[in-house]
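What's in structure-v6.csv: CSV, C-alpha atoms and all ligand atoms
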chain,number,residue,atom,x,y,z
O,1,MET,CA,-14.4,15.6,-1.5
O,2,GLU,CA,-16.5,13.6,-4.0
O,3,PHE,CA,-15.4,10.0,-4.1
O,4,ARG,CA,-14.9,10.2,-7.9
O,5,GLU,CA,-12.5,13.2,-7.3
O,6,VAL,CA,-10.6,11.1,-4.7
O,7,VAL,CA,-10.1,8.4,-7.3
O,8,ARG,CA,-9.1,10.8,-10.1
O,9,ARG,CA,-6.8,12.9,-8.1
O,10,ARG,CA,-4.8,10.1,-6.4
O,11,ARG,CA,-1.2,10.0,-7.7
O,12,MET,CA,1.8,8.7,-5.9
O,13,VAL,CA,3.6,11.5,-4.2
O,14,ARG,CA,7.3,11.1,-3.7
O,15,ARG,CA,8.3,14.4,-2.0
O,16,TYR,CA,6.6,16.0,1.0
O,17,ALA,CA,6.3,19.4,2.7
O,18,ASP,CA,8.0,19.9,6.1
O,19,ARG,CA,4.7,19.8,8.0
O,20,PRO,CA,3.4,17.2,10.4
O,21,VAL,CA,0.3,15.1,9.6
O,22,ASP,CA,-2.6,15.9,12.0
O,23,PRO,CA,-2.8,12.9,14.3
O,24,THR,CA,-6.6,12.8,13.9
O,25,VAL,CA,-6.3,12.6,10.2
O,26,LEU,CA,-3.7,9.8,10.5
O,27,ASP,CA,-6.0,7.9,12.8
O,28,ARG,CA,-8.8,8.3,10.3
O,29,ALA,CA,-6.7,6.9,7.5
O,30,LEU,CA,-5.6,4.0,9.7
O,31,ASP,CA,-9.1,3.3,10.7
O,32,HIS,CA,-10.2,3.2,7.1
O,33,ALA,CA,-7.4,0.9,6.2
O,34,THR,CA,-8.7,-1.6,8.7
O,35,ARG,CA,-12.1,-1.5,7.2
O,36,GLY,CA,-11.3,-3.1,3.8
O,37,PRO,CA,-12.7,-6.4,2.7
O,38,SER,CA,-10.9,-9.6,3.7
O,39,ALA,CA,-11.2,-13.2,2.6
O,40,GLY,CA,-13.3,-15.0,5.2
O,41,PHE,CA,-13.2,-11.9,7.2
O,42,THR,CA,-9.8,-13.0,8.3
O,43,GLN,CA,-8.7,-9.5,9.0
O,44,GLY,CA,-5.1,-10.7,8.7
O,45,VAL,CA,-3.6,-7.4,7.6
O,46,GLU,CA,-1.9,-5.3,10.3
O,47,LEU,CA,-0.3,-1.9,10.1
O,48,LEU,CA,3.1,-0.7,11.6
O,49,VAL,CA,2.8,3.0,11.9
O,50,LEU,CA,5.9,5.2,12.1
O,51,ASP,CA,5.0,8.8,12.8
O,52,GLU,CA,7.9,9.9,15.0
O,53,PRO,CA,11.1,11.3,13.3
O,54,ALA,CA,13.3,8.8,15.0
O,55,ALA,CA,11.1,5.9,14.0
O,56,VAL,CA,10.9,7.1,10.4
O,57,ALA,CA,14.7,7.6,10.3
O,58,ARG,CA,15.1,4.0,11.6
O,59,PHE,CA,12.9,2.8,8.8
O,60,TRP,CA,15.1,4.3,6.1
O,61,ASP,CA,18.3,3.2,7.9
O,62,ALA,CA,17.0,-0.4,7.9
O,63,THR,CA,15.6,-0.5,4.4
O,64,THR,CA,18.4,1.3,2.5
O,65,ASP,CA,21.9,0.1,1.7
O,66,PRO,CA,24.1,1.2,4.7
O,67,THR,CA,27.3,0.9,2.5
O,68,ALA,CA,26.0,3.4,-0.1
O,69,ASP,CA,27.7,6.8,-0.3
O,70,PRO,CA,25.2,9.3,1.1
O,71,GLY,CA,26.2,11.7,-1.6
O,72,SER,CA,24.9,9.3,-4.2
O,73,GLU,CA,21.4,9.1,-2.7
O,74,SER,CA,18.9,9.0,-5.4
O,75,GLY,CA,16.3,11.8,-6.0
O,76,TRP,CA,13.7,9.2,-5.2
O,77,LEU,CA,15.1,8.4,-1.8
O,78,ALA,CA,15.8,12.0,-0.9
O,79,GLY,CA,12.2,12.9,-1.7
O,80,MET,CA,10.7,9.9,0.1
O,81,ARG,CA,12.7,10.6,3.2
O,82,THR,CA,10.9,13.9,3.6
O,83,ALA,CA,7.6,12.0,4.5
O,84,PRO,CA,6.7,12.6,8.1
O,85,VAL,CA,4.8,9.3,8.3
O,86,VAL,CA,5.5,5.7,7.0
O,87,VAL,CA,2.9,3.0,7.4
O,88,VAL,CA,3.9,-0.6,6.7
O,89,PRO,CA,1.0,-3.0,5.9
O,90,LEU,CA,1.9,-6.5,7.0
O,91,THR,CA,-0.1,-9.6,6.1
O,92,SER,CA,0.0,-13.1,7.5
O,93,ARG,CA,-0.4,-16.2,5.4
O,94,GLU,CA,-0.8,-18.2,8.7
O,95,ALA,CA,-3.8,-16.1,9.7
O,96,TYR,CA,-5.6,-17.1,6.5
O,97,LEU,CA,-4.6,-20.8,6.7
O,98,ASP,CA,-5.9,-20.8,10.3
O,99,ARG,CA,-9.1,-19.0,9.5
O,100,TYR,CA,-9.9,-21.3,6.6
O,101,ALA,CA,-9.3,-24.4,8.8
O,102,GLU,CA,-12.2,-23.3,11.0
O,103,PRO,CA,-15.4,-25.4,10.7
O,104,ASP,CA,-17.3,-23.0,8.4
O,105,LYS,CA,-14.6,-23.2,5.8
O,106,GLY,CA,-13.2,-26.7,6.5
O,107,TRP,CA,-9.8,-26.6,4.9
O,108,THR,CA,-8.3,-28.4,7.9
O,109,ASP,CA,-5.2,-29.5,5.9
O,110,ARG,CA,-4.1,-25.9,5.8
O,111,ASP,CA,-2.7,-26.6,2.4
O,112,PRO,CA,-1.3,-23.5,0.7
O,113,ALA,CA,-2.0,-25.1,-2.7
O,114,ARG,CA,-5.7,-24.3,-2.1
O,115,TRP,CA,-4.7,-20.7,-2.6
O,116,PRO,CA,-3.9,-20.1,-6.3
O,117,VAL,CA,-4.4,-16.5,-5.5
O,118,PRO,CA,-2.8,-15.6,-2.2
O,119,TYR,CA,-5.7,-13.6,-0.7
O,120,TRP,CA,-3.4,-12.4,2.2
O,121,TYR,CA,-1.7,-10.2,-0.4
O,122,VAL,CA,-5.0,-9.2,-2.1
O,123,ASP,CA,-6.4,-8.0,1.2
O,124,ALA,CA,-3.2,-6.0,2.0
O,125,GLY,CA,-3.5,-4.2,-1.3
O,126,MET,CA,-7.0,-3.2,-0.4
O,127,ALA,CA,-5.8,-1.8,2.9
O,128,ALA,CA,-3.1,0.1,1.2
O,129,LEU,CA,-5.5,1.6,-1.3
O,130,LEU,CA,-7.8,2.8,1.5
O,131,LEU,CA,-4.8,4.5,3.1
O,132,LEU,CA,-3.9,6.2,-0.2
O,133,GLN,CA,-7.5,7.2,-0.9
O,134,THR,CA,-8.1,8.6,2.6
O,135,ALA,CA,-4.9,10.6,2.2
O,136,VAL,CA,-6.3,12.3,-0.9
O,137,ASP,CA,-9.6,12.9,0.7
O,138,GLU,CA,-7.8,14.6,3.6
O,139,GLY,CA,-5.7,16.8,1.3
O,140,LEU,CA,-2.6,14.7,1.8
O,141,GLY,CA,-0.4,12.6,-0.5
O,142,GLY,CA,1.0,9.1,-0.3
O,143,CYS,CA,3.1,6.6,-2.1
O,144,LEU,CA,3.2,2.8,-1.9
O,145,PHE,CA,6.6,1.3,-2.6
O,146,GLY,CA,8.5,-1.9,-2.1
O,147,ILE,CA,11.0,-2.8,0.6
O,148,PRO,CA,14.0,-4.4,-1.1
O,149,PRO,CA,14.0,-8.1,-0.3
O,150,GLU,CA,17.6,-8.1,1.0
O,151,ARG,CA,16.5,-5.4,3.6
O,152,VAL,CA,13.4,-7.1,5.0
O,153,GLY,CA,15.5,-8.9,7.7
O,154,ALA,CA,17.0,-5.6,8.9
O,155,PHE,CA,13.5,-4.1,8.9
O,156,ARG,CA,12.2,-6.9,11.0
O,157,THR,CA,15.0,-6.5,13.5
O,158,ALA,CA,14.6,-2.8,13.7
O,159,PHE,CA,11.0,-3.0,14.6
O,160,GLY,CA,10.6,-6.4,16.3
O,161,VAL,CA,8.4,-7.8,13.5
O,162,PRO,CA,7.5,-11.5,14.0
O,163,ALA,CA,8.7,-13.9,11.2
O,164,ASP,CA,5.1,-14.8,10.1
O,165,ARG,CA,4.2,-11.2,9.4
O,166,LEU,CA,5.0,-10.3,5.8
O,167,PRO,CA,5.5,-6.6,4.9
O,168,VAL,CA,3.9,-6.0,1.5
O,169,GLY,CA,5.7,-2.7,1.0
O,170,ALA,CA,5.4,0.7,2.7
O,171,VAL,CA,3.2,3.8,2.4
O,172,THR,CA,4.6,7.3,2.9
O,173,LEU,CA,2.1,9.9,3.9
O,174,GLY,CA,2.4,13.7,4.2
O,175,HIS,CA,1.5,17.0,2.8
O,176,ARG,CA,2.1,17.5,-0.9
O,177,VAL,CA,4.6,20.1,-2.2
O,178,GLU,CA,4.6,22.0,-5.5
O,179,ASP,CA,7.7,20.1,-6.6
O,180,PRO,CA,6.3,16.6,-7.0
O,181,GLY,CA,9.7,15.1,-6.7
O,182,ALA,CA,10.9,12.1,-8.7
O,183,ALA,CA,8.6,11.4,-11.6
O,184,GLY,CA,7.0,8.0,-11.6
O,185,SER,CA,6.2,5.6,-14.5
O,186,PRO,CA,3.2,7.7,-15.7
O,187,SER,CA,5.7,10.3,-16.9
O,188,ARG,CA,7.2,7.6,-19.2
O,189,ARG,CA,4.2,5.6,-20.3
O,190,PRO,CA,0.6,6.5,-21.2
O,191,ARG,CA,-2.4,5.5,-19.1
O,192,ARG,CA,-4.3,2.7,-20.9
O,193,PRO,CA,-7.8,3.9,-21.7
O,194,ALA,CA,-10.5,2.2,-19.6
O,195,ALA,CA,-12.2,1.1,-22.9
O,196,GLU,CA,-9.1,-1.0,-23.6
O,197,LEU,CA,-8.9,-2.6,-20.2
O,198,VAL,CA,-12.6,-3.4,-19.7
O,199,HIS,CA,-13.9,-6.4,-21.7
O,200,ARG,CA,-17.6,-6.3,-21.8
O,201,GLY,CA,-19.6,-9.5,-22.3
O,202,ARG,CA,-16.6,-11.4,-23.9
O,203,TRP,CA,-12.9,-11.0,-24.1
O,204,GLY,CA,-12.1,-8.3,-26.7
O,205,GLY,CA,-15.6,-7.0,-26.4
O,206,PHE,CA,-16.0,-3.2,-26.5
O,207,GLY,CA,-15.1,-1.7,-23.1
O,208,LEU,CA,-17.2,1.0,-21.6
O,209,GLY,CA,-20.9,1.4,-22.2
O,210,SER,CA,-20.7,5.2,-22.3
O,211,GLU,CA,-18.0,7.7,-22.6
O,212,ILE,CA,-16.5,8.7,-19.2
O,213,SER,CA,-14.6,12.0,-19.0
T,301,LIG,C1,2.3,-2.9,-5.8
T,301,LIG,C2,2.9,-1.6,-6.2
T,301,LIG,C3,4.2,-1.4,-6.0
T,301,LIG,C4,4.8,-0.2,-6.2
T,301,LIG,N1,6.2,0.0,-6.0
T,301,LIG,C5,6.7,1.3,-6.1
T,301,LIG,C6,8.0,1.5,-5.7
T,301,LIG,O1,8.7,0.6,-5.2
T,301,LIG,N2,8.5,2.8,-5.9
T,301,LIG,C7,7.7,3.8,-6.4
T,301,LIG,O2,8.2,4.9,-6.5
T,301,LIG,N3,6.4,3.6,-6.8
T,301,LIG,C8,5.9,2.3,-6.6
T,301,LIG,N4,4.6,2.1,-7.0
T,301,LIG,C9,3.8,3.2,-7.6
T,301,LIG,C10,3.6,3.0,-9.1
T,301,LIG,O3,4.8,3.3,-9.8
T,301,LIG,C11,2.4,3.9,-9.5
T,301,LIG,O4,1.3,3.5,-8.8
T,301,LIG,C12,2.2,3.8,-11.0
T,301,LIG,O5,3.3,4.3,-11.7
T,301,LIG,C13,0.9,4.7,-11.4
T,301,LIG,O6,1.1,6.0,-10.9
T,301,LIG,P1,0.1,6.7,-10.0
T,301,LIG,O7,-0.2,5.8,-8.8
T,301,LIG,O8,0.8,8.0,-9.5
T,301,LIG,O9,-1.2,7.0,-10.7
T,301,LIG,C14,4.0,0.9,-6.7
T,301,LIG,C15,2.7,0.7,-6.9
T,301,LIG,C16,2.1,-0.5,-6.7
T,301,LIG,C17,0.6,-0.7,-6.8
Take the structure in the file and write it out as structure tokens.
Amino acid sequence: MEFREVVRRRRMVRRYADRPVDPTVLDRALDHATRGPSAGFTQGVELLVLDEPAAVARFWDATTDPTADPGSESGWLAGMRTAPVVVVPLTSREAYLDRYAEPDKGWTDRDPARWPVPYWYVDAGMAALLLLQTAVDEGLGGCLFGIPPERVGAFRTAFGVPADRLPVGAVTLGHRVEDPGAAGSPSRRPRRPAAELVHRGRWGGFGLGSEIS
């Protein structure tokens, strides 16, 4: 698929077909996700891959409220549970502080105040987008979503995740279905035109140089 098609077609998919993901395709998506840029080439983003039904079920058990009435399960959750694969990108602030304490960077005080923008999260976002874009390129769908903060402890316990690894959310992957499932925010709010989001030359300057369809 043309890259521009990948970019245009990507939408968050919140319900999946009852079909497994080809392991070769999954491996390609995971490989791509490890090839994103990283500050200082820290490569501090790791991926927890859950592609067995028992592991996927354990993910949902850990990250959803165990006291909730199963009958009251939201359409969102019912749809997302149909995904055959869940990938959790995890980042490490410590890895970046360590990397930038090395001689070529020299921030030996390891002071987090040096990081007004926490690049460990920026890099995780890049990895997640590579996963989502590869999914589209391979004819699959995906959705990035948050793990509720009160469930992160249970998630760590369920999968033996060390305390310094920070889950940035999770990505479901699978084959799309005709019924797209729960509608996301784009059904409620319009896409802002690129010309409004791009400031050319100065803030408030006219956006795009030419019309893009
Ligand atoms: C950082 C981030 C967090 C998100 N969290 C959720 C989420 O918790 N649940 C969900 O259904 N979608 C989530 N989304 C998906 C957004 O709602 C979606 O990207 C946005 O509405 C635009 O729709 P599109 O990606 O389908 O074009 C998240 C997206 C991002 C980038």
Check every protein, DNA and RNA residue against ligand LIG 301 (chain T), keep those with an atom at most 12 Å away (counting all atoms listed in the file), and present them as an MDAnalysis selection string. chainID O and resid 6:15 63 74:80 89 121:122 124:129 132:133 136 141:149 167:172 180:192
Show me as a compact mmCIF listing (two decimals) with C-alpha atoms, in the coordinates of the input the residues that reach within 10 Å of (-6.2, -15.9, -0.1), counting all atoms listed in the file and using the file's own coordinates.
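Output saved as out24.txt:
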# COMPACT_ATOMS: atom_id res chain seq x y z
CA SER O 38 -10.90 -9.60 3.70
CA ALA O 39 -11.20 -13.20 2.60
CA GLY O 40 -13.30 -15.00 5.20
CA THR O 42 -9.80 -13.00 8.30
CA ARG O 93 -0.40 -16.20 5.40
CA TYR O 96 -5.60 -17.10 6.50
CA LEU O 97 -4.60 -20.80 6.70
CA TYR O 100 -9.90 -21.30 6.60
CA PRO O 112 -1.30 -23.50 0.70
CA ARG O 114 -5.70 -24.30 -2.10
CA TRP O 115 -4.70 -20.70 -2.60
CA PRO O 116 -3.90 -20.10 -6.30
CA VAL O 117 -4.40 -16.50 -5.50
CA PRO O 118 -2.80 -15.60 -2.20
CA TYR O 119 -5.70 -13.60 -0.70
CA TRP O 120 -3.40 -12.40 2.20
CA TYR O 121 -1.70 -10.20 -0.40
CA VAL O 122 -5.00 -9.20 -2.10
CA ASP O 123 -6.40 -8.00 1.20
Could you jot down the atom CA of O:Glu138 to atom CA of O:Asp31 separation for me, Å, one decimal place? 13.4 Å
Could you tell me how far atom CA of O:Leu140 sits from atom CA of O:Ala29, in Å to one decimal place? 10.5 Å
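The spacing separating atom CA of O:Thr82 from atom CA of O:Ala33 amounts to 22.6 Å.
Using only C-alpha atoms, the smallest distance between any of O:Leu90, O:Ala113, O:Ala62, O:Ala83 and O:Gln43 comes from O:Leu90.
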